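A quick write-up on the structure given underneath.
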Amino acid sequence: MIKNLINTVVFLGIALSSYAQNNLTIKVLDNVTKKTLQGASINLINSQIRTSISDRNGISKFSELSNGKYDVAISYIGYSPEKKQFNLLGNKTLEIYLNPHMIKTEEIIVQATRAKSNSSTTYKNLTKEDIAKNNVGQDIPYLLDQTPSVVIGSDAGAGIGYTSMRIRGSDNARINVTLNGIPLNDAESMGSFFVNLPDFASSTESIQIQRGIGTSTNGAGSFGASLNIQSNILDKEPSVEFNNSFGSYNSWKNTLKIGSGLLNDKFAFNVRLSRILSDGYIDRASSNLKSFYVDGGYYSDKHILKAIVFSGKEQTYQSWYGTPEPRLKNDVEGMKDYASNDGYTAEETENLLNSGRTYNKYLYKNQTDNYTQTHHQLHYSNFINEKLTFNAALHYTRGAGYYEEFRPEEKLSKYNLPPVIIGADTISKTDLIRRRWLDNHFYGTTFSFNYNPSEYLKFTWGGAINQYKGDHYGEVIWAEYASTSNLGDKYYLNNAKKNDASTFLKADLTLNNWLVFADIQYRNISYTIKGDDDKIKAMDFHRKFNFLNPKLGFTYLLNEHSNLYASYAYASKEPVRNDFIDLLGHNPKPEKMQDLELGYRLKNDKFNLGTNFYGMFYKDQLIPTGALNDVGSTLRINIPNSYRLGIELDAAWKISNRFGWKATAAFSENKIKNFSDETSGEILKRTDIALSPATIISSEFSYSPFHSLELALISKYISRQYLDNTSAKERSINPSFVNNIRMNYSFSILGVKNIGIGLMINNILNEKYETNGYTWGYMDGDTRKSFNFYYPQATTNYMLSVNVKF
């Protein structure tokens, strides 16, 4: 009996000890200098993975750990990763030393333009793994859909072809985009057209989204957000990948990637070829997209020299006209009224009456947009010593293309052609086909010095000098009555030149629990246009702008897991080309904005929470009027005083090893203080800014029954958006609530490193919704006549992918 009692006590002791709750402290140090390392990534692995980041003393703490065997994996930029296994039988402290890596990281290339950990900037990072989960062929904006305050849309309805994105109500002309620190925004329109970079996500290492003004960066000024995209970084292991997707609307994505790995400890190369095809959800809205990416780098303990060339060629059938509201409502009389007001031909009217939700106005078989854009980048990094690094880049982007369209009953005089005389008849109008061309060059240099005199003080000085040259011209390639024209004649021609020089200085100071950030940028722009535009003859002008943009922020570290931050930023931004053309006589002014951000962050192994308040106060903001010009671009006008106030939430909760939940929420007020409605002549007080929803909520609930399988329910709610600035419900986009399902399964077999199978089922509840649109109208006596247009998004659709990696 005594023996049984002893065995029972021993058994209970062992059982209880296995459930003991222990504390673990890990301290990370440099093995050469013995200094502590702040910001090291720590993964603690037992039955589950718990993650943490070392604090300013190099320390990270884990609590409520049971006894048992653990693995710890630690990584830090510029150091070799370290793994260690140990048994935990009580409270324990570990010191782990990291060795400086002889080959430096390429992340230094984008360091100057990115927000750092714990900075006072409101930002979100997407890793390569985050991107890969959703990369089935849709454009880059669709990969950002689950980040705060984002609204996406697609002309063709399914995310392939021309897409749009707004962040905090600001469109792509206000979103600064850089690729490896090189500006992507078109110098004249300031938009970023990802259709010209098909499948670039397959060559993307990470994306940082900064909301608001953010830190100083290169290129066009940021008023809504900044996207900093980094392409492939060094992978020391050779690989071959073949990725394929197929889905609704005859959509295909084929991608081949080859990586050499590190050769002779010095060299590495990557190649990607991609093709994306889709018929589109909207009638005839097809896309034929091709691209390639090549990079080659030299790596040593002091230097990185990397050359990158990537190119995209797109042909998309035009679907930027949208669908008239009567067509969506199946209002036959409304459709006839609209066709009459817009001067539709009999064929166009029949198409309108007989089409459904997927209506497309254009019928000419080659009503296409055609453009090829090739980027060349040469990056150099010099790790001068442990305190000073230098980065420089040369870049050159070559773009050329046109859109082709059929034009019925055009006046010959518009094309500088005399009337055609046939016998006694004088013909002044003709059916014709024209092409409008854009032929441009963009080149320049960027640089930065990163100087860290101590672990408490860091400086970054950088800048860029860029020049854009672009020719705009039109030609008639066919006419029923050709008059005196010859192939190759240009009925308008103008050339533009834009010089953009900027420099910035940033400083980071650590004082006990305080982090102080200061940033100032100077930007000089010189913009010249000479020649005839399609609308304006002798459009000769030269404008200069000088902007000084200061920023200041503070972060207070509450503990190793949480902090508070606040920042103030001021920015100015020049008008775009279309503002000068479409607002002829209005003399568009530069926009100015003050941005206040106040936030709280919490991160531990279970929760990741970020919440922030923001106030964006504008002077002379160029807001959309609600209408479009003849090539589908937004018409804008200066408004003296306007603002955006909001609160954003970005959270993740690891409920268990199997369940996880991510969610974002944005609640905002977007107002014009006094708005003069040019159509009605009314003066409206505190009216809503067009296309700026007050509520945006997203959710991603994931379930992993085992390690290699993940299922996710992805949801997005967008509240009502107004098409113009009158807050009129009859000119608005209805709220939408869309749900998608994602499945990813991976395994290895027969020596294949990884086989991944993915399935995306979008809009599983078959919601009929729109996220973008426009309106125009006029006064008919005392009655306002409005014509609303929408871009219907796809009903239930799917994409299936199979990815093989050797």
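Here's how to read the names in the structure tokens: chain A, B, ... by the order shown, residue numbers from 1 in each chain, ligand numbers from 1 in the order shown.
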Distance table requested - segment 313-408 of chain A against segment 763-775 of chain A, cut-off 10 Å, only C-alpha atoms: one row per qualifying residue with the closest atom pair and its distance in Å to one decimal, ordered by chain and rising residue number, as a Markdown table.
```
| residue | atom | partner | partner_atom | distance |
| --- | --- | --- | --- | --- |
| A:Trp320 | CA | A:Gly773 | CA | 9.9 |
| A:Tyr321 | CA | A:Gly773 | CA | 9.5 |
| A:Gly322 | CA | A:Gly773 | CA | 7.3 |
| A:Thr323 | CA | A:Gly773 | CA | 8.7 |
| A:Pro324 | CA | A:Thr775 | CA | 9.4 |
| A:Glu325 | CA | A:Thr775 | CA | 9.8 |
| A:Leu328 | CA | A:Lys768 | CA | 9.8 |
| A:Arg357 | CA | A:Lys768 | CA | 9.0 |
```
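Residues surrounding segment 113-126 of chain A within 6 Å are Val110, Gln111, Asp130, Ser206, Ile207, Gln208, Ile209, Gln210, Arg211, Gly214, Thr217, Gly553, Phe554, Thr555, Tyr565, Ala566 and Ser567 of chain A [only C-alpha atoms; sequence separation below 2 positions excluded].
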Write a file of the selected residues as a tab-separated table (two decimals), in the first residue's frame, keeping all heavy atoms.
```tsv
chain	number	residue	atom	x	y	z
A	110	VAL	N	15.39	49.96	-49.00
A	110	VAL	CA	14.14	50.69	-48.77
A	110	VAL	C	14.08	51.33	-47.39
A	110	VAL	O	13.07	51.92	-47.02
A	110	VAL	CB	12.91	49.77	-48.97
A	110	VAL	CG1	12.86	49.26	-50.40
A	110	VAL	CG2	12.93	48.61	-47.98
A	111	GLN	N	15.16	51.21	-46.63
A	111	GLN	CA	15.14	51.70	-45.24
A	111	GLN	C	14.83	53.18	-45.14
A	111	GLN	O	14.12	53.63	-44.26
A	111	GLN	CB	16.49	51.39	-44.59
A	111	GLN	CG	16.59	51.86	-43.13
A	111	GLN	CD	17.92	51.45	-42.52
A	111	GLN	OE1	18.42	50.36	-42.76
A	111	GLN	NE2	18.50	52.34	-41.72
A	130	ASP	N	1.99	36.87	-46.52
A	130	ASP	CA	0.67	37.51	-46.59
A	130	ASP	C	0.24	37.69	-48.04
A	130	ASP	O	-0.93	37.46	-48.40
A	130	ASP	CB	0.71	38.88	-45.90
A	130	ASP	CG	0.99	38.80	-44.41
A	130	ASP	OD1	0.60	37.81	-43.79
A	130	ASP	OD2	1.63	39.73	-43.88
A	206	SER	N	7.80	42.41	-49.86
A	206	SER	CA	6.99	43.01	-48.80
A	206	SER	C	6.40	44.32	-49.29
A	206	SER	O	6.90	44.92	-50.24
A	206	SER	CB	7.83	43.25	-47.53
A	206	SER	OG	8.85	44.20	-47.79
A	207	ILE	N	5.33	44.75	-48.63
A	207	ILE	CA	4.69	46.03	-48.91
A	207	ILE	C	4.43	46.72	-47.58
A	207	ILE	O	3.89	46.10	-46.64
A	207	ILE	CB	3.35	45.86	-49.66
A	207	ILE	CG1	3.55	45.11	-50.99
A	207	ILE	CG2	2.70	47.21	-49.92
A	207	ILE	CD1	2.26	44.81	-51.72
A	208	GLN	N	4.78	47.98	-47.50
A	208	GLN	CA	4.41	48.78	-46.33
A	208	GLN	C	3.43	49.85	-46.78
A	208	GLN	O	3.69	50.59	-47.72
A	208	GLN	CB	5.62	49.44	-45.67
A	208	GLN	CG	5.23	50.22	-44.42
A	208	GLN	CD	6.41	50.84	-43.68
A	208	GLN	OE1	6.80	51.98	-43.98
A	208	GLN	NE2	7.00	50.12	-42.73
A	209	ILE	N	2.28	49.91	-46.08
A	209	ILE	CA	1.27	50.92	-46.35
A	209	ILE	C	1.29	51.92	-45.21
A	209	ILE	O	1.03	51.56	-44.06
A	209	ILE	CB	-0.15	50.31	-46.46
A	209	ILE	CG1	-0.17	49.16	-47.47
A	209	ILE	CG2	-1.16	51.37	-46.84
A	209	ILE	CD1	-0.23	47.79	-46.81
A	210	GLN	N	1.66	53.16	-45.52
A	210	GLN	CA	1.61	54.24	-44.53
A	210	GLN	C	0.37	55.08	-44.83
A	210	GLN	O	0.21	55.58	-45.93
A	210	GLN	CB	2.85	55.11	-44.60
A	210	GLN	CG	4.15	54.40	-44.32
A	210	GLN	CD	5.36	55.31	-44.46
A	210	GLN	OE1	5.26	56.52	-44.30
A	210	GLN	NE2	6.51	54.72	-44.77
A	211	ARG	N	-0.51	55.24	-43.84
A	211	ARG	CA	-1.71	56.03	-44.04
A	211	ARG	C	-1.46	57.46	-43.57
A	211	ARG	O	-0.71	57.71	-42.63
A	211	ARG	CB	-2.89	55.40	-43.29
A	211	ARG	CG	-3.15	53.97	-43.75
A	211	ARG	CD	-4.45	53.41	-43.18
A	211	ARG	NE	-4.48	53.30	-41.74
A	211	ARG	CZ	-3.90	52.33	-41.05
A	211	ARG	NH1	-3.22	51.38	-41.66
A	211	ARG	NH2	-4.00	52.29	-39.73
A	214	GLY	N	2.53	60.22	-43.76
A	214	GLY	CA	3.62	59.28	-43.60
A	214	GLY	C	4.98	59.95	-43.57
A	214	GLY	O	5.11	61.17	-43.43
A	217	THR	N	9.31	60.55	-48.60
A	217	THR	CA	9.65	59.51	-49.56
A	217	THR	C	9.98	60.18	-50.88
A	217	THR	O	10.02	61.41	-50.98
A	217	THR	CB	8.49	58.51	-49.69
A	217	THR	OG1	8.88	57.45	-50.56
A	217	THR	CG2	7.24	59.17	-50.25
A	553	GLY	N	7.17	63.61	-34.62
A	553	GLY	CA	6.39	62.59	-33.94
A	553	GLY	C	7.06	62.12	-32.66
A	553	GLY	O	8.28	62.25	-32.48
A	554	PHE	N	6.24	61.56	-31.77
A	554	PHE	CA	6.71	61.04	-30.49
A	554	PHE	C	6.08	59.67	-30.25
A	554	PHE	O	4.90	59.46	-30.53
A	554	PHE	CB	6.31	61.97	-29.33
A	554	PHE	CG	6.80	63.37	-29.47
A	554	PHE	CD1	6.05	64.33	-30.15
A	554	PHE	CD2	8.03	63.75	-28.94
A	554	PHE	CE1	6.50	65.63	-30.28
A	554	PHE	CE2	8.48	65.05	-29.08
A	554	PHE	CZ	7.71	65.99	-29.75
A	555	THR	N	6.87	58.75	-29.72
A	555	THR	CA	6.36	57.45	-29.28
A	555	THR	C	6.77	57.24	-27.83
A	555	THR	O	7.94	57.47	-27.47
A	555	THR	CB	6.92	56.31	-30.15
A	555	THR	OG1	6.58	56.54	-31.51
A	555	THR	CG2	6.36	54.97	-29.70
A	565	TYR	N	1.65	56.76	-29.53
A	565	TYR	CA	2.39	57.65	-30.43
A	565	TYR	C	1.50	58.80	-30.88
A	565	TYR	O	0.27	58.72	-30.87
A	565	TYR	CB	2.93	56.88	-31.65
A	565	TYR	CG	1.88	56.38	-32.61
A	565	TYR	CD1	1.43	57.17	-33.67
A	565	TYR	CD2	1.34	55.10	-32.48
A	565	TYR	CE1	0.48	56.72	-34.56
A	565	TYR	CE2	0.39	54.63	-33.37
A	565	TYR	CZ	-0.04	55.44	-34.40
A	565	TYR	OH	-0.99	54.98	-35.28
A	566	ALA	N	2.16	59.88	-31.26
A	566	ALA	CA	1.47	61.05	-31.81
A	566	ALA	C	2.39	61.70	-32.83
A	566	ALA	O	3.62	61.70	-32.66
A	566	ALA	CB	1.11	62.04	-30.71
A	567	SER	N	1.80	62.26	-33.89
A	567	SER	CA	2.62	62.91	-34.91
A	567	SER	C	1.85	64.04	-35.57
A	567	SER	O	0.61	64.06	-35.58
A	567	SER	CB	3.08	61.90	-35.97
A	567	SER	OG	1.98	61.44	-36.73
```
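Using only C-alpha atoms, the contacts of Phe292 of chain A at a cut-off of 7 Å, with sequence neighbours closer than 5 positions omitted, comprise Arg272, Leu273, Ser274, Phe310, Ser311 and Gly312 of chain A.
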With C-alpha atoms kept, could you save the residues just selected as a PDB file, in the first residue's frame?
```
ATOM      1  CA  ARG A 272      10.076  35.505 -63.698  1.00  0.00           C
ATOM      2  CA  LEU A 273       7.777  35.189 -66.723  1.00  0.00           C
ATOM      3  CA  SER A 274       4.035  35.794 -66.331  1.00  0.00           C
ATOM      4  CA  PHE A 310      10.958  44.328 -65.252  1.00  0.00           C
ATOM      5  CA  SER A 311       8.373  45.006 -67.926  1.00  0.00           C
ATOM      6  CA  GLY A 312       4.658  44.746 -68.478  1.00  0.00           C
TER       7      GLY A 312
END
```
Worksheet item: Quick one: residues within 12 Å of Ala507 of chain A, only C-alpha atoms counted, chain neighbours fewer than 5 positions away excluded, as a list in words?
Response: Ala112, Lys116, Ser119, Thr215, Ser216, Phe449, Asn450, Tyr451, Asn452, Pro453, Tyr456, Leu457, Lys458, Phe459, Thr460, Trp461, Gly462, Leu515, Val516, Phe517, Ala518, Asp519, Ile520, Lys551, Leu552, Gly553 and Phe554 of chain A
For those residues, write C-alpha atoms to a file as an mmCIF file, in the first residue's frame.
```
data_model
loop_
_atom_site.group_PDB
_atom_site.id
_atom_site.type_symbol
_atom_site.label_atom_id
_atom_site.label_comp_id
_atom_site.auth_asym_id
_atom_site.auth_seq_id
_atom_site.Cartn_x
_atom_site.Cartn_y
_atom_site.Cartn_z
ATOM 1 C CA ALA A 112 15.207 55.434 -45.999
ATOM 2 C CA LYS A 116 10.493 51.840 -38.544
ATOM 3 C CA SER A 119 7.633 54.812 -35.138
ATOM 4 C CA THR A 215 7.396 59.679 -43.711
ATOM 5 C CA SER A 216 9.216 61.576 -46.445
ATOM 6 C CA PHE A 449 22.925 58.052 -46.100
ATOM 7 C CA ASN A 450 22.002 56.245 -42.887
ATOM 8 C CA TYR A 451 24.175 57.384 -39.981
ATOM 9 C CA ASN A 452 23.830 55.881 -36.497
ATOM 10 C CA PRO A 453 26.332 57.638 -34.212
ATOM 11 C CA TYR A 456 20.079 56.172 -29.247
ATOM 12 C CA LEU A 457 20.459 58.453 -32.255
ATOM 13 C CA LYS A 458 19.920 57.800 -35.976
ATOM 14 C CA PHE A 459 20.018 60.114 -38.988
ATOM 15 C CA THR A 460 18.898 59.601 -42.577
ATOM 16 C CA TRP A 461 19.636 62.067 -45.342
ATOM 17 C CA GLY A 462 18.319 61.304 -48.781
ATOM 18 C CA LEU A 515 11.266 57.859 -29.175
ATOM 19 C CA VAL A 516 11.365 61.210 -30.973
ATOM 20 C CA PHE A 517 11.111 61.474 -34.749
ATOM 21 C CA ALA A 518 11.712 64.569 -36.901
ATOM 22 C CA ASP A 519 11.616 64.787 -40.680
ATOM 23 C CA ILE A 520 11.765 67.678 -43.131
ATOM 24 C CA LYS A 551 6.987 66.188 -39.789
ATOM 25 C CA LEU A 552 7.386 65.578 -36.048
ATOM 26 C CA GLY A 553 6.392 62.593 -33.938
ATOM 27 C CA PHE A 554 6.709 61.040 -30.487
#
```
Worksheet item: Which residue, A:Leu352, A:Ala794, A:Val738, A:Ile109, has the smallest gap to Ser154 of chain A when you use only C-alpha atoms?
Response: A:Ala794
Fill in: Contact residues around segment 612-621 of chain A with only C-alpha atoms at 10 Å, ignoring same-chain residues under 4 positions, as a PyMOL selection string
chain A and resi 122+168+211-213+223-224+564-573+575+588-601+636-650+666-672
Practice prompt. May I have all residues of segment 400-632 of chain A that DSSP, computed from the backbone, assigns to alpha helix (DSSP H), given as a PyMOL selection string?
Written response: chain A and resi 577-582
Practice prompt. Pick out each residue of segment 549-579 of chain A that DSSP on the backbone tags as strand (DSSP E); I need them as a list of chain:residue names.
Written response: A:Asn549, A:Pro550, A:Lys551, A:Leu552, A:Gly553, A:Phe554, A:Thr555, A:Tyr556, A:Leu557, A:Ser562, A:Asn563, A:Leu564, A:Tyr565, A:Ala566, A:Ser567, A:Tyr568, A:Ala569, A:Tyr570, A:Ala571, A:Ser572, A:Lys573
Worksheet item: Quick one: of A:Leu438, A:Leu511, A:Leu179, A:Met760, who's nearest to Ser226 of chain A, counting only C-alpha atoms?
Response: A:Leu179
Discussion item. Please report the interatomic distance between atom CA of Ile233 of chain A and atom CA of Val309 of chain A in Å with one decimal.
Written reply: 14.3 Å
Item to complete: Fewer than 4 positions away in the same chain doesn't count, so skip those; otherwise give me all residues within 7 Å of Ser239 of chain A, counting only C-alpha atoms, as JSON, numbers by chain.
Response: {"A": [258, 259, 260, 805, 806]}
Write to file, as a tab-separated table (two decimals), in the first residue's frame, the residues of the selection just made, with N, CA, C and O atoms.
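Result file again.tsv:
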```tsv
chain	number	residue	atom	x	y	z
A	258	ILE	N	12.47	31.34	-61.56
A	258	ILE	CA	13.72	30.60	-61.37
A	258	ILE	C	14.67	31.46	-60.55
A	258	ILE	O	14.90	32.63	-60.88
A	259	GLY	N	15.21	30.89	-59.48
A	259	GLY	CA	16.19	31.58	-58.66
A	259	GLY	C	17.47	30.78	-58.57
A	259	GLY	O	17.44	29.56	-58.34
A	260	SER	N	18.59	31.42	-58.77
A	260	SER	CA	19.87	30.71	-58.79
A	260	SER	C	20.36	30.34	-57.40
A	260	SER	O	21.20	29.45	-57.25
A	805	LYS	N	6.86	24.18	-56.23
A	805	LYS	CA	8.19	24.73	-55.98
A	805	LYS	C	9.19	23.60	-55.80
A	805	LYS	O	8.99	22.70	-54.99
A	806	PHE	N	10.27	23.68	-56.62
A	806	PHE	CA	11.32	22.66	-56.55
A	806	PHE	C	12.54	23.21	-55.82
A	806	PHE	O	12.80	24.42	-55.84
```
Discussion item. So, with only C-alpha atoms as the atoms that count, which of A:Asp199, A:Asp279, A:Glu410, A:Asp55 lies closest to Asn243 of chain A?
Written reply: A:Asp199
Worksheet item: Taking into account only C-alpha atoms, which residue in the set A:Gly247, A:Gly157, A:Gly58, A:Gly137 is nearest to Ala201 of chain A?
Response: A:Gly137
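Atom CA of Tyr142 of chain A to atom CA of Glu106 of chain A spans 26.2 Å [interatomic distance, one decimal].
Here atom CA of Leu378 of chain A is placed at a distance of 23.3 Å from atom CA of Val195 of chain A.
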Response to the item:
Using only C-alpha atoms, the residue out of A:Asn546, A:Asn264, A:Thr484, A:Asn196 with shortest distance to Leu412 of chain A is A:Thr484
